[in-house]
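Structure first, commentary second.
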Amino acid sequence: MTTTRRDVLRLTGALLAGTAGIGAVAASAGCQFRSGDGDDGDGDRADQEATRRKLGAAEALVVELADGKLAVVDAATGRMLVQPALAVISGDGRRLVRVERPDGGTRLTSHRLPDGAAVSAGTLTGALAVRTTSADGDLVALADDVGPGHTPYRPGPRERTTIVVADGAGQRRRLDLPGNLEPEAFDASRTSLFVLDYLPPTAPDRYRVRVVDLASGQVQPLLTRVKAVVPAGAEEEMRGEGRQAVYDSRRSRLFTLYTHQPDHVHTRDRIAAAAAAAGQDAAGARDDAPHVHAFVHTLDLTERWAYCVDLPAPFGERPAAGHTIALSPDGGRLYVADTSSGALATIDPEGLTVLDSVRFDALAGTTGPGDAVPATAAVPATAAASFDAAGTLLVGAGREVAGMAATSGGGTVPRWSTPAEVRGLAGPPDGSRLYVGQPDAVLRVDPGTGAVRHRIDVPGLVALRHVVATES
């Protein structure tokens, strides 16, 4: 899942119900939530379940529609399980949390996946935008909405930010903090929240990643990989163009791909440069200071450090939309593909080093004037990735899907065309089925040949984001 972002962790009510700290407001007694058992009373539920059994295992498709809204569709029947709304998906993919704006407040509803049942709902004070959840979806972080066009990676100007943390029982924390902040992820203990701190706050054009202590409300710098506090002035600053992310549940790490970053300087290089200027040991600085056009930013959600893995050329030299990132099903390898230039990098997600970089034939329709990934109806199409049952990485862009030989173990790799531009690739964790997003539809296909097995009409589809299967 590209997420978006996205792409993420549990804090108990007792922990957050303590005395308000710096910049904090105590939990609101006026916020009332209810819990549900998922029974929506539909008389045709038995017929729908029969259809699911006939067509295959119960699976739900999380799709993006207009204005960034997410919806959930039954993969067998095409029935809309969760109506479109601004929403986020939990790190484990089992919850979708959506917001609506009734009467000036913010209605927050948590849906269980894949059946879409509402498990809790309630209204929070103020106009808030949902930004991230804990890994299991039990805890939610929201921020004040500053108006149309404001997104986590293209924010509007503001000098202070309201952040609200809630769970199924209601609001647990309301923080009024200095700066232009956007929630990114909860740490593994769920006592802290990683945020994007935009600079300058009233005219943001870059950001740094910081961490908010939820008990005190203090905003703090991250640690280095050796668990030292990043010195003042050494925090790396990033821009949001071409941003994609995947969550590693085994290591509690968030891997984020950045492209078109030729002027970026990593924290380790800032520290080394400062040390060298002071006549100290400058070990760790890059001797040739190359212009790196792409890198993978690693955020450790347990130890609260960050580290960047530089990618070799040609990554980042062509459009960000042609890049995609994916973590192997067993978590042993992280892959970055540039479909426009035909390059695949293999990264060790434990050691955080590039193990290999190989070339493949660029996908059809991803090169040409401006090297842009094509789109229809003014909807931008981006590269996507998934895995088949054998663990082979499948990359889609333009009107083509190709298997990556470097991930096939020497076996034959597929390569096939799609009826229209690819708008997402996804499947269940076992790789037994593959779904391909298309304009106004999602296709279930044979991963080896691309033969269409089932079509699900989804009018206005922007992208297929995620597939959720019933747990066995």
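By order of appearance in the structure tokens: chains A, B, ..., then residues from 1 within every chain, and ligands from 1 in the order shown.
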With a distance cut-off of 12 Å and only C-alpha atoms, select the neighbouring residues of Val73 (chain A), excluding the residue or stretch itself and same-chain residues fewer than 5 positions from it, and output the selection as JSON, numbers by chain.
-> {"A": [58, 59, 60, 61, 62, 63, 64, 65, 78, 79, 80, 81, 82, 83, 84, 113, 114, 115, 116, 441, 442, 456, 457, 458, 459, 461, 464, 465, 466, 467, 468]}
Could you tell me how far CA of Thr125 (chain A) lies from CA of Gly104 (chain A), in Å and to one decimal?
->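 Going from CA of Thr125 (chain A) over to CA of Gly104 (chain A) covers 7.9 Å.
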Check the smallest atom-to-atom distance from each of A:Leu223, A:Ala135, A:Leu70, A:Ala75 to Leu434 (chain A) using only C-alpha atoms, then report the winner.
->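 Counting only C-alpha atoms, the residue closest to Leu434 (chain A) is A:Ala75.
Using only C-alpha atoms, the contacts of Asp338 (chain A) at a cut-off of 9 Å, with sequence neighbours closer than 6 positions omitted, comprise Pro314, Phe315, Gly316, Arg318, Pro319, Ala320, Ala321, Gly322, His323, Thr324, Leu344, Ala345, Ala362 and Ala383 of chain A.
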Write to file, as a tab-separated table (two decimals), in the first residue's frame, the residues of the selection just made, with N, CA, C and O atoms.
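Here's the written file out-v1.tsv:
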```
chain	number	residue	atom	x	y	z
A	314	PRO	N	19.74	5.88	-11.90
A	314	PRO	CA	19.00	7.08	-12.31
A	314	PRO	C	17.80	7.40	-11.41
A	314	PRO	O	16.94	8.19	-11.82
A	315	PHE	N	17.72	6.82	-10.22
A	315	PHE	CA	16.54	7.06	-9.38
A	315	PHE	C	16.40	8.55	-9.07
A	315	PHE	O	17.36	9.22	-8.70
A	316	GLY	N	15.18	9.05	-9.22
A	316	GLY	CA	14.88	10.44	-8.93
A	316	GLY	C	15.14	11.41	-10.06
A	316	GLY	O	14.80	12.58	-9.95
A	318	ARG	N	13.91	11.11	-13.14
A	318	ARG	CA	12.70	11.21	-13.96
A	318	ARG	C	11.49	11.41	-13.05
A	318	ARG	O	11.63	11.46	-11.84
A	319	PRO	N	10.28	11.55	-13.61
A	319	PRO	CA	9.12	11.94	-12.80
A	319	PRO	C	8.89	11.04	-11.59
A	319	PRO	O	9.05	9.83	-11.64
A	320	ALA	N	8.50	11.69	-10.48
A	320	ALA	CA	8.21	10.95	-9.26
A	320	ALA	C	7.11	9.93	-9.46
A	320	ALA	O	7.11	8.86	-8.84
A	321	ALA	N	6.15	10.24	-10.34
A	321	ALA	CA	5.02	9.34	-10.58
A	321	ALA	C	5.45	8.00	-11.14
A	321	ALA	O	4.72	7.01	-11.04
A	322	GLY	N	6.63	7.92	-11.73
A	322	GLY	CA	7.11	6.66	-12.29
A	322	GLY	C	7.81	5.78	-11.28
A	322	GLY	O	8.25	4.68	-11.62
A	323	HIS	N	7.94	6.24	-10.03
A	323	HIS	CA	8.61	5.48	-8.98
A	323	HIS	C	7.59	4.80	-8.07
A	323	HIS	O	6.50	5.31	-7.83
A	324	THR	N	7.99	3.67	-7.52
A	324	THR	CA	7.16	2.98	-6.53
A	324	THR	C	8.06	2.24	-5.56
A	324	THR	O	9.21	1.91	-5.88
A	344	LEU	N	15.69	-1.01	-10.87
A	344	LEU	CA	15.18	-1.63	-9.65
A	344	LEU	C	16.30	-1.70	-8.62
A	344	LEU	O	17.37	-2.26	-8.89
A	345	ALA	N	16.05	-1.13	-7.44
A	345	ALA	CA	17.02	-1.20	-6.34
A	345	ALA	C	16.49	-2.14	-5.27
A	345	ALA	O	15.31	-2.11	-4.94
A	362	ALA	N	11.99	-0.52	-19.67
A	362	ALA	CA	11.00	0.42	-19.15
A	362	ALA	C	9.61	0.00	-19.60
A	362	ALA	O	9.42	-0.55	-20.70
A	383	ALA	N	2.98	4.87	-10.74
A	383	ALA	CA	3.44	3.48	-10.73
A	383	ALA	C	2.96	2.79	-9.46
A	383	ALA	O	2.73	3.42	-8.43
```
Give me, please, the distance in Å between CA of Gly448 (chain A) and CA of Ala326 (chain A), quoted to one decimal.
-> 19.1 Å
Region 127-327 of chain A: residues DSSP assigns to alpha helix (DSSP H), reported as a PDB file with N, CA, C and O atoms, in the first residue's frame:
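The result, written out as result19.pdb:
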```
ATOM      1  N   THR A 267      21.029  14.392   7.836  1.00  0.00           N
ATOM      2  CA  THR A 267      21.451  14.752   9.191  1.00  0.00           C
ATOM      3  C   THR A 267      22.886  14.314   9.441  1.00  0.00           C
ATOM      4  O   THR A 267      23.696  15.067  10.001  1.00  0.00           O
ATOM      5  N   ARG A 268      23.235  13.091   9.031  1.00  0.00           N
ATOM      6  CA  ARG A 268      24.579  12.592   9.312  1.00  0.00           C
ATOM      7  C   ARG A 268      25.645  13.456   8.636  1.00  0.00           C
ATOM      8  O   ARG A 268      26.744  13.625   9.164  1.00  0.00           O
ATOM      9  N   ASP A 269      25.305  14.028   7.464  1.00  0.00           N
ATOM     10  CA  ASP A 269      26.267  14.874   6.770  1.00  0.00           C
ATOM     11  C   ASP A 269      26.341  16.264   7.386  1.00  0.00           C
ATOM     12  O   ASP A 269      27.405  16.881   7.432  1.00  0.00           O
ATOM     13  N   ARG A 270      25.209  16.763   7.899  1.00  0.00           N
ATOM     14  CA  ARG A 270      25.222  18.041   8.609  1.00  0.00           C
ATOM     15  C   ARG A 270      26.082  17.940   9.868  1.00  0.00           C
ATOM     16  O   ARG A 270      26.870  18.834  10.176  1.00  0.00           O
ATOM     17  N   ILE A 271      25.919  16.841  10.609  1.00  0.00           N
ATOM     18  CA  ILE A 271      26.702  16.642  11.842  1.00  0.00           C
ATOM     19  C   ILE A 271      28.184  16.526  11.519  1.00  0.00           C
ATOM     20  O   ILE A 271      29.041  17.133  12.170  1.00  0.00           O
ATOM     21  N   ALA A 272      28.496  15.737  10.477  1.00  0.00           N
ATOM     22  CA  ALA A 272      29.890  15.538  10.100  1.00  0.00           C
ATOM     23  C   ALA A 272      30.528  16.846   9.628  1.00  0.00           C
ATOM     24  O   ALA A 272      31.678  17.147   9.946  1.00  0.00           O
ATOM     25  N   ALA A 273      29.761  17.643   8.864  1.00  0.00           N
ATOM     26  CA  ALA A 273      30.301  18.914   8.375  1.00  0.00           C
ATOM     27  C   ALA A 273      30.584  19.867   9.524  1.00  0.00           C
ATOM     28  O   ALA A 273      31.604  20.571   9.537  1.00  0.00           O
ATOM     29  N   ALA A 274      29.682  19.894  10.516  1.00  0.00           N
ATOM     30  CA  ALA A 274      29.885  20.757  11.675  1.00  0.00           C
ATOM     31  C   ALA A 274      31.103  20.307  12.471  1.00  0.00           C
ATOM     32  O   ALA A 274      31.892  21.130  12.965  1.00  0.00           O
ATOM     33  N   ALA A 275      31.266  18.981  12.576  1.00  0.00           N
ATOM     34  CA  ALA A 275      32.419  18.451  13.303  1.00  0.00           C
ATOM     35  C   ALA A 275      33.718  18.795  12.590  1.00  0.00           C
ATOM     36  O   ALA A 275      34.720  19.174  13.216  1.00  0.00           O
ATOM     37  N   ALA A 276      33.708  18.675  11.268  1.00  0.00           N
ATOM     38  CA  ALA A 276      34.909  18.986  10.498  1.00  0.00           C
ATOM     39  C   ALA A 276      35.273  20.459  10.629  1.00  0.00           C
ATOM     40  O   ALA A 276      36.448  20.827  10.748  1.00  0.00           O
ATOM     41  N   ALA A 277      34.242  21.323  10.605  1.00  0.00           N
ATOM     42  CA  ALA A 277      34.496  22.759  10.738  1.00  0.00           C
ATOM     43  C   ALA A 277      35.095  23.098  12.090  1.00  0.00           C
ATOM     44  O   ALA A 277      35.843  24.073  12.227  1.00  0.00           O
TER      45      ALA A 277
END
```
A:Gly331, A:Pro204, A:Gly424, A:Pro178: which is nearest Pro152 (chain A), counting only C-alpha atoms?
->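 Closest to Pro152 (chain A), using only C-alpha atoms: A:Pro204.
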Which of these residues is nearest to Arg359 (chain A), using only C-alpha atoms: A:Arg399, A:Ala405, A:Pro148, A:Thr191?
-> A:Ala405
Can you pull out every residue within 12 Å of Gly450 (chain A), counting only C-alpha atoms, but drop anything in the same chain fewer than 4 positions away, and send it as an mmCIF file with N, CA and C atoms, in the first residue's frame?
```cif
data_model
loop_
_atom_site.group_PDB
_atom_site.id
_atom_site.type_symbol
_atom_site.label_atom_id
_atom_site.label_comp_id
_atom_site.auth_asym_id
_atom_site.auth_seq_id
_atom_site.Cartn_x
_atom_site.Cartn_y
_atom_site.Cartn_z
ATOM 1 N N ASP A 388 3.135 -11.635 -6.447
ATOM 2 C CA ASP A 388 2.317 -12.803 -6.746
ATOM 3 C C ASP A 388 2.545 -13.878 -5.686
ATOM 4 N N LEU A 394 5.702 -7.544 -8.846
ATOM 5 C CA LEU A 394 5.032 -7.093 -10.059
ATOM 6 C C LEU A 394 4.928 -5.575 -9.998
ATOM 7 N N GLY A 396 3.583 -2.093 -12.045
ATOM 8 C CA GLY A 396 2.683 -1.629 -13.089
ATOM 9 C C GLY A 396 2.772 -0.131 -13.276
ATOM 10 N N ARG A 399 0.346 1.264 -19.378
ATOM 11 C CA ARG A 399 -0.605 0.190 -19.706
ATOM 12 C C ARG A 399 0.061 -1.181 -19.632
ATOM 13 N N GLU A 400 1.005 -1.336 -18.718
ATOM 14 C CA GLU A 400 1.751 -2.588 -18.666
ATOM 15 C C GLU A 400 2.081 -2.971 -17.235
ATOM 16 N N VAL A 401 2.139 -4.286 -17.004
ATOM 17 C CA VAL A 401 2.573 -4.854 -15.732
ATOM 18 C C VAL A 401 3.698 -5.830 -16.022
ATOM 19 N N ALA A 402 4.781 -5.763 -15.255
ATOM 20 C CA ALA A 402 5.931 -6.627 -15.504
ATOM 21 C C ALA A 402 6.448 -7.207 -14.199
ATOM 22 N N GLY A 403 6.854 -8.482 -14.247
ATOM 23 C CA GLY A 403 7.514 -9.110 -13.122
ATOM 24 C C GLY A 403 8.990 -8.765 -13.124
ATOM 25 N N PRO A 414 6.396 -12.739 -15.622
ATOM 26 C CA PRO A 414 5.329 -12.313 -16.529
ATOM 27 C C PRO A 414 5.538 -10.898 -17.024
ATOM 28 N N ARG A 415 4.908 -10.601 -18.131
ATOM 29 C CA ARG A 415 4.840 -9.234 -18.651
ATOM 30 C C ARG A 415 3.620 -9.158 -19.548
ATOM 31 N N TRP A 416 2.670 -8.299 -19.195
ATOM 32 C CA TRP A 416 1.430 -8.243 -19.950
ATOM 33 C C TRP A 416 0.849 -6.836 -19.943
ATOM 34 N N SER A 417 -0.068 -6.614 -20.885
ATOM 35 C CA SER A 417 -0.667 -5.296 -21.048
ATOM 36 C C SER A 417 -2.009 -5.226 -20.338
ATOM 37 N N THR A 418 -2.427 -4.002 -20.028
ATOM 38 C CA THR A 418 -3.718 -3.766 -19.399
ATOM 39 C C THR A 418 -4.606 -2.970 -20.360
ATOM 40 N N PRO A 419 -5.930 -3.069 -20.227
ATOM 41 C CA PRO A 419 -6.819 -2.357 -21.148
ATOM 42 C C PRO A 419 -6.644 -0.842 -21.113
ATOM 43 N N LEU A 425 -2.018 -1.493 -8.068
ATOM 44 C CA LEU A 425 -1.924 -2.953 -8.027
ATOM 45 C C LEU A 425 -2.017 -3.366 -6.563
ATOM 46 N N ARG A 433 -4.346 -13.708 -5.449
ATOM 47 C CA ARG A 433 -5.117 -12.967 -6.436
ATOM 48 C C ARG A 433 -4.474 -11.611 -6.643
ATOM 49 N N LEU A 434 -4.710 -11.021 -7.819
ATOM 50 C CA LEU A 434 -4.171 -9.709 -8.118
ATOM 51 C C LEU A 434 -5.283 -8.836 -8.676
ATOM 52 N N TYR A 435 -5.385 -7.622 -8.133
ATOM 53 C CA TYR A 435 -6.357 -6.651 -8.601
ATOM 54 C C TYR A 435 -5.615 -5.480 -9.236
ATOM 55 N N VAL A 436 -6.161 -4.986 -10.342
ATOM 56 C CA VAL A 436 -5.551 -3.870 -11.068
ATOM 57 C C VAL A 436 -6.565 -2.737 -11.159
ATOM 58 N N LEU A 443 -10.064 -4.558 -11.876
ATOM 59 C CA LEU A 443 -10.075 -5.876 -12.500
ATOM 60 C C LEU A 443 -9.357 -6.884 -11.624
ATOM 61 N N ARG A 444 -9.966 -8.061 -11.445
ATOM 62 C CA ARG A 444 -9.238 -9.184 -10.839
ATOM 63 C C ARG A 444 -8.664 -9.980 -11.988
ATOM 64 N N VAL A 445 -7.328 -10.162 -11.999
ATOM 65 C CA VAL A 445 -6.658 -10.762 -13.148
ATOM 66 C C VAL A 445 -5.813 -11.950 -12.732
ATOM 67 N N ASP A 446 -5.437 -12.740 -13.721
ATOM 68 C CA ASP A 446 -4.452 -13.798 -13.531
ATOM 69 C C ASP A 446 -3.087 -13.125 -13.455
ATOM 70 N N HIS A 454 -12.525 -11.101 -13.365
ATOM 71 C CA HIS A 454 -13.722 -10.479 -12.791
ATOM 72 C C HIS A 454 -13.547 -8.974 -12.888
#
```
Pull the strand (DSSP E or B) assignments for region 82-150 of chain A out of DSSP run on the backbone, and list those residues as a count of residues only.
-> 39
Could you give me, as a Markdown table, a per-residue list for region 286-404 of chain A showing, wherever an atom lies at most 9 Å from an atom of region 225-235 of chain A, the closest pair of atoms and their distance in Å to one decimal, using only C-alpha atoms and sorting by chain then residue number from low to high?
```
| residue | atom | partner | partner_atom | distance |
| --- | --- | --- | --- | --- |
| A:Asp300 | CA | A:Arg225 | CA | 8.9 |
| A:Glu303 | CA | A:Lys227 | CA | 7.5 |
| A:Arg304 | CA | A:Lys227 | CA | 8.1 |
| A:Trp305 | CA | A:Arg225 | CA | 5.5 |
| A:Ala306 | CA | A:Arg225 | CA | 6.4 |
| A:Tyr307 | CA | A:Arg225 | CA | 6.4 |
```
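Here CA of Phe194 (chain A) and CA of Ala385 (chain A) stand 26.5 Å from one another.
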Can you list, as a ChimeraX atom specification, every protein, DNA or RNA residue that comes within 9 Å of Thr106 (chain A) when you count only C-alpha atoms, leaving out same-chain residues fewer than 2 positions away?
-> /A:99-104,108,122-129
Could you write those residues out with C-alpha atoms, as a CSV table (one decimal), in the first residue's frame?
```csv
chain,number,residue,atom,x,y,z
A,99,VAL,CA,-14.4,11.9,9.0
A,100,GLU,CA,-17.5,14.0,8.1
A,101,ARG,CA,-18.4,17.5,9.1
A,102,PRO,CA,-21.9,17.8,10.6
A,103,ASP,CA,-22.9,21.1,12.1
A,104,GLY,CA,-19.4,22.5,12.4
A,108,LEU,CA,-15.3,10.3,13.4
A,122,GLY,CA,-18.7,10.0,17.7
A,123,THR,CA,-18.4,13.8,17.2
A,124,LEU,CA,-15.4,15.9,18.1
A,125,THR,CA,-15.3,19.7,18.6
A,126,GLY,CA,-14.0,21.8,15.7
A,127,ALA,CA,-13.2,21.2,12.0
A,128,LEU,CA,-10.6,18.5,12.1
A,129,ALA,CA,-8.8,16.4,9.4
```
Surrounding residues of Ala313 (chain A) excluding itself and chain neighbours under 4 positions, 10 Å, only C-alpha atoms, as a ChimeraX atom specification = /A:291-294,317,341,343,357
I need the chosen residues saved as a PDB file, in the first residue's frame, with N, CA, C and O atoms.
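And here's out.pdb as it stands now:
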```pdb
ATOM      1  N   HIS A 291      25.257  14.669  -5.612  1.00  0.00           N
ATOM      2  CA  HIS A 291      23.875  15.144  -5.703  1.00  0.00           C
ATOM      3  C   HIS A 291      22.963  13.929  -5.773  1.00  0.00           C
ATOM      4  O   HIS A 291      22.828  13.305  -6.813  1.00  0.00           O
ATOM      5  N   VAL A 292      22.358  13.600  -4.662  1.00  0.00           N
ATOM      6  CA  VAL A 292      21.462  12.452  -4.591  1.00  0.00           C
ATOM      7  C   VAL A 292      20.058  12.906  -4.983  1.00  0.00           C
ATOM      8  O   VAL A 292      19.503  13.818  -4.380  1.00  0.00           O
ATOM      9  N   HIS A 293      19.489  12.270  -6.001  1.00  0.00           N
ATOM     10  CA  HIS A 293      18.164  12.661  -6.484  1.00  0.00           C
ATOM     11  C   HIS A 293      17.052  11.861  -5.834  1.00  0.00           C
ATOM     12  O   HIS A 293      15.879  12.191  -6.002  1.00  0.00           O
ATOM     13  N   ALA A 294      17.360  10.801  -5.125  1.00  0.00           N
ATOM     14  CA  ALA A 294      16.326  10.004  -4.460  1.00  0.00           C
ATOM     15  C   ALA A 294      16.935   9.264  -3.278  1.00  0.00           C
ATOM     16  O   ALA A 294      18.104   8.871  -3.305  1.00  0.00           O
ATOM     17  N   GLU A 317      15.755  10.945 -11.147  1.00  0.00           N
ATOM     18  CA  GLU A 317      16.049  11.855 -12.249  1.00  0.00           C
ATOM     19  C   GLU A 317      14.849  12.051 -13.166  1.00  0.00           C
ATOM     20  O   GLU A 317      14.777  13.044 -13.892  1.00  0.00           O
ATOM     21  N   SER A 341      12.736   4.777 -16.274  1.00  0.00           N
ATOM     22  CA  SER A 341      14.096   4.492 -16.723  1.00  0.00           C
ATOM     23  C   SER A 341      14.403   3.005 -16.717  1.00  0.00           C
ATOM     24  O   SER A 341      15.418   2.582 -17.269  1.00  0.00           O
ATOM     25  N   ALA A 343      14.723   0.827 -13.754  1.00  0.00           N
ATOM     26  CA  ALA A 343      15.735   0.548 -12.725  1.00  0.00           C
ATOM     27  C   ALA A 343      15.049  -0.007 -11.484  1.00  0.00           C
ATOM     28  O   ALA A 343      13.981   0.462 -11.091  1.00  0.00           O
ATOM     29  N   SER A 357      21.381  -2.986  -7.645  1.00  0.00           N
ATOM     30  CA  SER A 357      20.619  -2.124  -8.538  1.00  0.00           C
ATOM     31  C   SER A 357      20.748  -2.681  -9.942  1.00  0.00           C
ATOM     32  O   SER A 357      21.872  -2.830 -10.450  1.00  0.00           O
TER      33      SER A 357
END
```
Could you give me, as a PyMOL selection string, the residues within 12 Å of Leu299 (chain A), counting only C-alpha atoms and dropping anything in the same chain fewer than 4 positions from it?
-> chain A and resi 7-8+184-188+194-195+209-211+222-225+245-248+251-257+303-309+349+352
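Each of A:Val140, A:Ala390, A:Ala426, A:Ile325 was checked against Val413 (chain A) using only C-alpha atoms; the smallest atom-to-atom distance is that of A:Ala390.
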